[in-house]
Protein chains: 2
Amino acid sequence: MEKPGVVTVVDREDPTIVDPTDAVISIKATCICGSDLWPYRGIEPADHLKMGHEYVGVVEEVGSEVTTIAPGDYVVGSFVISDNTCEICQSGFQSKCVHAEFVHGGIGTQAEKARIPLADGTLVKTPGEPDAEIVPSLLAASDVLGTGWFAAVGAEVGPGKTVAVVGDGAVGLMAILAAKQLGAERIIAMSRHPQRQELARYYGATDIVEERGDDGVAKINELTDGLGAHSVIEAVGTQESFMQAVGATRGGGHLGYVGVNYDVTIPGIQLFFAGIHTLGGPAPVRRFLPELIQLIWDRKIDPGKVFDLTLPLEEAAEGYKAMDERRATKVFLTTD
Amino acid sequence: MEKPGVVTVVDREDPTIVDPTDAVISIKATCICGSDLWPYRGIEPADHLKMGHEYVGVVEEVGSEVTTIAPGDYVVGSFVISDNTCEICQSGFQSKCVHAEFVHGGIGTQAEKARIPLADGTLVKTPGEPDAEIVPSLLAASDVLGTGWFAAVGAEVGPGKTVAVVGDGAVGLMAILAAKQLGAERIIAMSRHPQRQELARYYGATDIVEERGDDGVAKINELTDGLGAHSVIEAVGTQESFMQAVGATRGGGHLGYVGVNYDVTIPGIQLFFAGIHTLGGPAPVRRFLPELIQLIWDRKIDPGKVFDLTLPLEEAAEGYKAMDERRATKVFLTTD
């Protein structure tokens with residue numbers, strides 16, 4: 001991304017092994033993330049950023065210290081580089097690893113190849129060469145599925161619980177899928193987009209609420225005997241959506257949030273009197289990858305349905321445009 | 001409190017039973033809370049408020065539907081009225097009870113008598129008439145101990161963990177006591193007040209950090225191999241102390257906060273990238289009262305040491321002044 005709104009596909013030198021813990025992978029599929037729209041829209045700085053942080057691929061070469069993957073392995077990686085061995089990683093927060101580095105910006109996987117540092121701690125190999133039909137689902141695991149899953153875990157979704165999901169973008173839809181897998185009794189999708197409502201229902205939403213802000217909160221209260229939802233997932237990241245999520249959570253309930261923009265400021269007193277648990281941050285996707293890959297491999301979940309536009313990598317610019325204009329929920333980019 | 005800074009002791013009519021779930025109690029001891037200083041200092045509105053929300057006393061009369069306490073019982077009550085039967089109470093968040101009402105403002109227990117609504121759900125009787133020496137400790141259970149305990153539980157304090165406590169007021173000191181009881185390995189008190197440091201060490205602090213703000217965060221990082229504390233307790237409630245607490249929490253760690261003033265605004269992006277769990281709100285003291293009363297009764301904890309000035313109720317105004325000027329940590333008011 002040369003600058004906000006300007007995406008160009010250029011030739012770059014092939015990456016090579018730099019550190020003995022690196023791997024170089026040939027990227028088989030990548031995609032555009034909702035968060036890529038922040039710099040695209042100028043809300044975050046963008047000056048010749050190497051874009052892309054979601055990827056599946058085949059290992060081409062590994063450094064001398066890499067032990068868990070080898071050339072030829074098909075791998076899924078997290079959007080945050082992690083060693084997966086430090087105390088923070090071991091506690092399940094690989095996105096806060098002491099060696100954490102974002103793939104976005106400096107590495108960039110909207111590309112044919114990439115050098116992935118700390119390969120053992122970042123990449124997970126699939127049980128074998130995947131069928132083409134599950135590649136989109138594996139790619140989703142790299143971020144949106146892992147992020148939605150983390151939000152649901154952070155919101156302590158579980159059997160018997162009522163879950164409200166604020167946001168019907170890819171992450172919100174994946175959070176619905178996760179909530180269903182985690183056994184939620186009732187899943188309320190907050191969405192006013194007919195096609196996304198349909199996908200929300202497909203993934204497990206039992207109720208749809210179209211109202212937003214205070215009206216949305218009132219509606220959630222109405223649906224929950226005035227108590228609010230046990231678990232709320234915030235998957236938009238604006239001031240209004242964040243406060244809507246806080247308001248929709250019952251006292252003692254749990255809010256999982258997985259993205260906020262730079263303008264969000266939370267009135268402390270309002271959060272305090274809500275009396276709720278929160279967990280937020282970049283998702284530690286690496287924690288969930290082995291489980292998610294297996295669920296996809298066994299055809300128990302199909303997160304790949306979230307992609308509704310496929311383009312060759314060369315046409316990435318059109319993909320950004322389609323997402324920016326909300327003509328597409330999530331764009332799949334092919335590299336062949 | 002007639003208005004900010006003006007506290008007067010006046011004759012009021014004796015309270016009587018209004019609802020069949022009420023109790024009227026004769027207050028044996030009460031006290032002044034750090035939060036009473038918000039209206040005193042004009043940070044919160046104050047227009048003829050009935051002050052006081054911490055209390056121990058003897059039941060004089062109960063309504064026809066009260067079953068768990070009877071006239072003559074010695075009781076400790078929470079600073080929030082709760083039914084203790086609704087779904088929210090049953091989940092342990094009595095301070096967010098569907099019938100919640102603050103004792104502060106409309107009831108006021110800096111008094112000789114008080115009508116306590118929902119007596120069964122709010123009051124807990126002690127095993128018998130307490131010895132005078134443990135009355136201050138029982139009184140502390142009514143708020144500061146229960147609040148510090150909640151903060152420690154909210155911060156997921158436990159064996160093997162490093163805990164940082166921001167604030168050396170009564171609640172901070174009680175949080176230190178709680179952290180020790182809950183088995184914390186290391187307890188870092190953030191304090192620059194020599195006498196309070198001494199009390200912090202008495203209650204279990206293993207380290208003292210005098211630095212504040214970014215310097216305080218840097219010091220916590222230095223003491224924790226650059227990771228931050230597992231558990232952080234925020235017991236001050238200002239913008240600086242809140243952000244200091246966020247900064248001191250390791251990725252994936254837990255922050256418990258038990259008071260913020262009206263001016264605190266939390267930058268969403270900073271909370272997000274911290275990647276931490278939070279739990280805040282008025283403490284559900286009622287949840288912890290049975291356990292805390294027993295610990296005090298058995299002389300296992302002595303929270304009453306937090307009181308460092310005793311005055312008769314008639315001299316309440318002097319008590320407010322002493323706390324406002326930080327000449328006293330917490331003022332005990334006698335009613336005899």
# chains A, B, ... in the order shown; residues from 1 in each chain; ligands from 1
call {"tool": "residues_around", "arguments": {"residues": "Lys219 in chain A", "least_positions_apart": "6", "cutoff": "10 Å", "atoms": "only C-alpha atoms", "output": "NGL selection string"}}
result
:A and (209-213 or 226 or 228 or 248)
call {"tool": "write_last_selection", "arguments": {"atoms": "C-alpha atoms", "output": "PDB file, in the first residue's frame"}}
result
ATOM      1  CA  VAL A 209     -31.258  -7.552  16.230  1.00  0.00           C
ATOM      2  CA  GLU A 210     -31.153  -4.685  13.738  1.00  0.00           C
ATOM      3  CA  GLU A 211     -31.155  -1.838  16.262  1.00  0.00           C
ATOM      4  CA  ARG A 212     -27.894  -0.118  17.197  1.00  0.00           C
ATOM      5  CA  GLY A 213     -26.543   1.943  20.102  1.00  0.00           C
ATOM      6  CA  GLY A 226     -33.841  -7.228  31.420  1.00  0.00           C
ATOM      7  CA  GLY A 228     -28.342  -8.430  29.368  1.00  0.00           C
ATOM      8  CA  ALA A 248     -25.444  -5.323  26.305  1.00  0.00           C
TER       9      ALA A 248
END
call {"tool": "residues_around", "arguments": {"residues": "Gly63 in chain B", "least_positions_apart": "2", "cutoff": "12 Å", "atoms": "only C-alpha atoms", "output": "PyMOL selection string"}}
result
chain B and resi 16-25+59-61+65-71+115-120
call {"tool": "write_last_selection", "arguments": {"atoms": "C-alpha atoms", "output": "mmCIF file, in the first residue's frame"}}
result
data_model
loop_
_atom_site.group_PDB
_atom_site.id
_atom_site.type_symbol
_atom_site.label_atom_id
_atom_site.label_comp_id
_atom_site.auth_asym_id
_atom_site.auth_seq_id
_atom_site.Cartn_x
_atom_site.Cartn_y
_atom_site.Cartn_z
ATOM 1 C CA THR B 16 -39.259 1.965 61.006
ATOM 2 C CA ILE B 17 -40.165 -1.112 59.007
ATOM 3 C CA VAL B 18 -41.694 -0.075 55.679
ATOM 4 C CA ASP B 19 -41.567 -3.248 53.579
ATOM 5 C CA PRO B 20 -41.971 -6.770 54.963
ATOM 6 C CA THR B 21 -38.400 -7.557 53.828
ATOM 7 C CA ASP B 22 -36.874 -4.701 55.889
ATOM 8 C CA ALA B 23 -34.866 -4.795 59.070
ATOM 9 C CA VAL B 24 -34.187 -1.913 61.414
ATOM 10 C CA ILE B 25 -30.777 -2.143 63.010
ATOM 11 C CA VAL B 59 -31.113 -6.136 64.683
ATOM 12 C CA GLU B 60 -33.946 -4.336 66.465
ATOM 13 C CA GLU B 61 -36.916 -5.309 64.375
ATOM 14 C CA GLU B 65 -40.982 -11.831 55.446
ATOM 15 C CA VAL B 66 -37.477 -11.766 56.921
ATOM 16 C CA THR B 67 -36.352 -15.299 57.783
ATOM 17 C CA THR B 68 -32.558 -15.461 58.232
ATOM 18 C CA ILE B 69 -32.070 -12.811 60.894
ATOM 19 C CA ALA B 70 -34.010 -11.883 64.007
ATOM 20 C CA PRO B 71 -34.013 -9.172 66.651
ATOM 21 C CA ARG B 115 -33.591 0.706 57.925
ATOM 22 C CA ILE B 116 -32.009 -1.941 55.715
ATOM 23 C CA PRO B 117 -34.214 -3.123 52.840
ATOM 24 C CA LEU B 118 -33.988 -6.735 51.631
ATOM 25 C CA ALA B 119 -32.465 -7.702 54.961
ATOM 26 C CA ASP B 120 -32.139 -11.413 54.167
#
call {"tool": "interface_residues", "arguments": {"of": "chain B", "to": "chain A", "cutoff": "6 Å", "atoms": "only C-alpha atoms", "output": "list in words"}}
result
Phe93, Lys96, Gly251, Gly252, Tyr262, Val264, Thr265, Ile266, Pro267, Gly268, Ile269, Phe272, Phe273, Gly275, Ile276, His277, Thr278, Leu279, Gly280 and Gly281 of chain B
call {"tool": "write_last_selection", "arguments": {"atoms": "C-alpha atoms", "output": "PDB file, in the first residue's frame"}}
result
ATOM      1  CA  PHE B  93     -22.581 -10.204  41.451  1.00  0.00           C
ATOM      2  CA  LYS B  96     -25.543  -5.641  40.234  1.00  0.00           C
ATOM      3  CA  GLY B 251      -0.194  -9.776  28.349  1.00  0.00           C
ATOM      4  CA  GLY B 252      -2.975 -12.182  29.224  1.00  0.00           C
ATOM      5  CA  TYR B 262     -15.718  10.634  36.740  1.00  0.00           C
ATOM      6  CA  VAL B 264     -11.173   8.746  33.835  1.00  0.00           C
ATOM      7  CA  THR B 265     -11.242   8.043  30.089  1.00  0.00           C
ATOM      8  CA  ILE B 266      -9.510   4.956  28.830  1.00  0.00           C
ATOM      9  CA  PRO B 267      -7.885   5.079  25.382  1.00  0.00           C
ATOM     10  CA  GLY B 268      -9.411   2.009  23.727  1.00  0.00           C
ATOM     11  CA  ILE B 269      -6.348   1.266  21.622  1.00  0.00           C
ATOM     12  CA  PHE B 272      -6.649  -3.297  23.430  1.00  0.00           C
ATOM     13  CA  PHE B 273      -2.935  -3.672  22.779  1.00  0.00           C
ATOM     14  CA  GLY B 275      -4.141  -7.726  25.797  1.00  0.00           C
ATOM     15  CA  ILE B 276      -5.416  -8.122  29.345  1.00  0.00           C
ATOM     16  CA  HIS B 277      -8.431  -9.341  31.284  1.00  0.00           C
ATOM     17  CA  THR B 278     -10.229  -6.777  33.412  1.00  0.00           C
ATOM     18  CA  LEU B 279     -12.950  -6.966  36.020  1.00  0.00           C
ATOM     19  CA  GLY B 280     -14.260  -3.871  37.723  1.00  0.00           C
ATOM     20  CA  GLY B 281     -17.259  -2.457  39.445  1.00  0.00           C
TER      21      GLY B 281
END
call {"tool": "select_by_dssp", "arguments": {"residues": "range 220-326 of chain B", "states": "alpha helix (DSSP H)", "output": "PyMOL selection string"}}
result
chain B and resi 220-223+239-248+268-274+285-297+316-324
call {"tool": "residues_around", "arguments": {"residues": "Thr162 in chain A", "least_positions_apart": "2", "cutoff": "10 Å", "atoms": "only C-alpha atoms", "output": "tab-separated table (two decimals) with N, CA, C and O atoms, in the first residue's frame"}}
result
chain	number	residue	atom	x	y	z
A	157	VAL	N	-18.08	-17.83	26.39
A	157	VAL	CA	-19.23	-18.51	25.80
A	157	VAL	C	-19.24	-19.97	26.24
A	157	VAL	O	-18.20	-20.59	26.36
A	158	GLY	N	-20.43	-20.48	26.49
A	158	GLY	CA	-20.53	-21.88	26.88
A	158	GLY	C	-21.97	-22.32	26.93
A	158	GLY	O	-22.89	-21.53	26.69
A	159	PRO	N	-22.19	-23.59	27.25
A	159	PRO	CA	-23.55	-24.14	27.30
A	159	PRO	C	-24.45	-23.34	28.24
A	159	PRO	O	-24.01	-22.89	29.30
A	160	GLY	N	-25.68	-23.16	27.82
A	160	GLY	CA	-26.66	-22.46	28.65
A	160	GLY	C	-26.58	-20.95	28.57
A	160	GLY	O	-27.39	-20.24	29.15
A	164	ALA	N	-24.40	-12.29	22.65
A	164	ALA	CA	-24.73	-11.25	21.67
A	164	ALA	C	-23.46	-10.91	20.90
A	164	ALA	O	-22.40	-10.74	21.50
A	179	ALA	N	-19.25	-19.49	18.75
A	179	ALA	CA	-20.21	-19.56	19.85
A	179	ALA	C	-21.04	-20.84	19.75
A	179	ALA	O	-21.32	-21.50	20.75
A	184	ALA	N	-23.11	-22.45	22.98
A	184	ALA	CA	-24.04	-21.41	23.42
A	184	ALA	C	-25.49	-21.82	23.17
A	184	ALA	O	-25.80	-22.48	22.18
A	185	GLU	N	-26.37	-21.42	24.09
A	185	GLU	CA	-27.77	-21.79	23.95
A	185	GLU	C	-28.47	-20.86	22.95
A	185	GLU	O	-29.30	-21.30	22.17
A	186	ARG	N	-28.11	-19.59	23.03
A	186	ARG	CA	-28.79	-18.59	22.21
A	186	ARG	C	-27.74	-17.64	21.68
A	186	ARG	O	-26.88	-17.19	22.44
A	187	ILE	N	-27.80	-17.34	20.40
A	187	ILE	CA	-26.81	-16.46	19.78
A	187	ILE	C	-27.54	-15.33	19.05
A	187	ILE	O	-28.24	-15.58	18.07
A	188	ILE	N	-27.38	-14.13	19.55
A	188	ILE	CA	-28.06	-12.97	18.97
A	188	ILE	C	-27.06	-12.21	18.09
A	188	ILE	O	-26.06	-11.69	18.58
A	206	THR	N	-29.43	-17.46	16.47
A	206	THR	CA	-30.82	-17.83	16.72
A	206	THR	C	-31.73	-16.61	16.66
A	206	THR	O	-32.93	-16.74	16.49
A	223	LEU	N	-34.73	-9.07	25.23
A	223	LEU	CA	-34.62	-10.50	24.89
A	223	LEU	C	-34.05	-11.34	26.04
A	223	LEU	O	-33.99	-12.56	25.95
A	224	THR	N	-33.57	-10.68	27.10
A	224	THR	CA	-32.89	-11.41	28.17
A	224	THR	C	-33.48	-11.07	29.54
A	224	THR	O	-32.73	-10.96	30.53
A	228	GLY	N	-29.49	-8.54	30.27
A	228	GLY	CA	-28.34	-8.43	29.37
A	228	GLY	C	-27.80	-9.82	29.05
A	228	GLY	O	-28.17	-10.80	29.70
A	229	ALA	N	-26.95	-9.88	28.05
A	229	ALA	CA	-26.38	-11.17	27.63
A	229	ALA	C	-25.27	-11.60	28.59
A	229	ALA	O	-24.59	-10.78	29.17
A	230	HIS	N	-25.13	-12.92	28.74
A	230	HIS	CA	-24.02	-13.45	29.55
A	230	HIS	C	-22.67	-13.10	28.90
A	230	HIS	O	-21.71	-12.76	29.57
A	231	SER	N	-22.66	-13.24	27.58
A	231	SER	CA	-21.42	-13.10	26.81
A	231	SER	C	-21.67	-12.17	25.65
A	231	SER	O	-22.65	-12.34	24.92
A	232	VAL	N	-20.81	-11.19	25.49
A	232	VAL	CA	-20.94	-10.27	24.36
A	232	VAL	C	-19.61	-10.22	23.61
A	232	VAL	O	-18.54	-10.17	24.22
call {"tool": "closest_residue", "arguments": {"among": "B:Met243, B:Val217, B:Leu295, B:Ala151", "to": "Gln181 in chain B", "atoms": "only C-alpha atoms"}}
result
B:Leu295
call {"tool": "closest_residue", "arguments": {"among": "A:Asp324, A:Asp73, A:Asp143, A:Glu133", "to": "Val103 in chain A", "atoms": "only C-alpha atoms"}}
result
A:Asp143
call {"tool": "closest_residue", "arguments": {"among": "B:Val153, B:Ala328, B:Ile134, B:Leu145", "to": "His193 in chain B", "atoms": "only C-alpha atoms"}}
result
B:Ala328
call {"tool": "residues_around", "arguments": {"residues": "Lys50 in chain A", "least_positions_apart": "6", "cutoff": "8 Å", "atoms": "only C-alpha atoms", "output": "compact mmCIF listing (two decimals) with N, CA, C and O atoms, in the first residue's frame"}}
result
# COMPACT_ATOMS: atom_id res chain seq x y z
N MET A 1 0.85 -1.18 0.00
CA MET A 1 0.00 0.00 0.00
C MET A 1 0.89 1.23 0.00
O MET A 1 1.50 1.55 1.01
N HIS A 104 1.73 -8.12 9.35
CA HIS A 104 1.32 -6.91 8.63
C HIS A 104 2.41 -5.83 8.71
O HIS A 104 2.99 -5.62 9.77
N GLY A 105 2.67 -5.19 7.60
CA GLY A 105 3.58 -4.04 7.63
C GLY A 105 4.97 -4.39 7.13
O GLY A 105 5.39 -3.91 6.09
N GLY A 106 5.67 -5.24 7.88
CA GLY A 106 7.06 -5.53 7.56
C GLY A 106 7.26 -6.80 6.75
O GLY A 106 8.25 -6.93 6.03
N ILE A 107 6.35 -7.75 6.90
CA ILE A 107 6.49 -9.02 6.16
C ILE A 107 5.54 -9.00 4.97
O ILE A 107 5.96 -8.87 3.83
N GLY A 108 4.25 -9.06 5.26
CA GLY A 108 3.26 -8.94 4.18
C GLY A 108 3.05 -10.24 3.45
O GLY A 108 3.94 -10.72 2.74
N THR A 109 1.87 -10.83 3.62
CA THR A 109 1.63 -12.13 2.97
C THR A 109 0.65 -12.03 1.81
O THR A 109 0.21 -13.05 1.31
N GLN A 110 0.30 -10.84 1.41
CA GLN A 110 -0.40 -10.69 0.12
C GLN A 110 0.72 -10.70 -0.91
O GLN A 110 1.14 -9.67 -1.45
call {"tool": "closest_residue", "arguments": {"among": "B:Val124, B:Val165, B:Val144, B:Leu309", "to": "Arg287 in chain B", "atoms": "only C-alpha atoms"}}
result
B:Val124
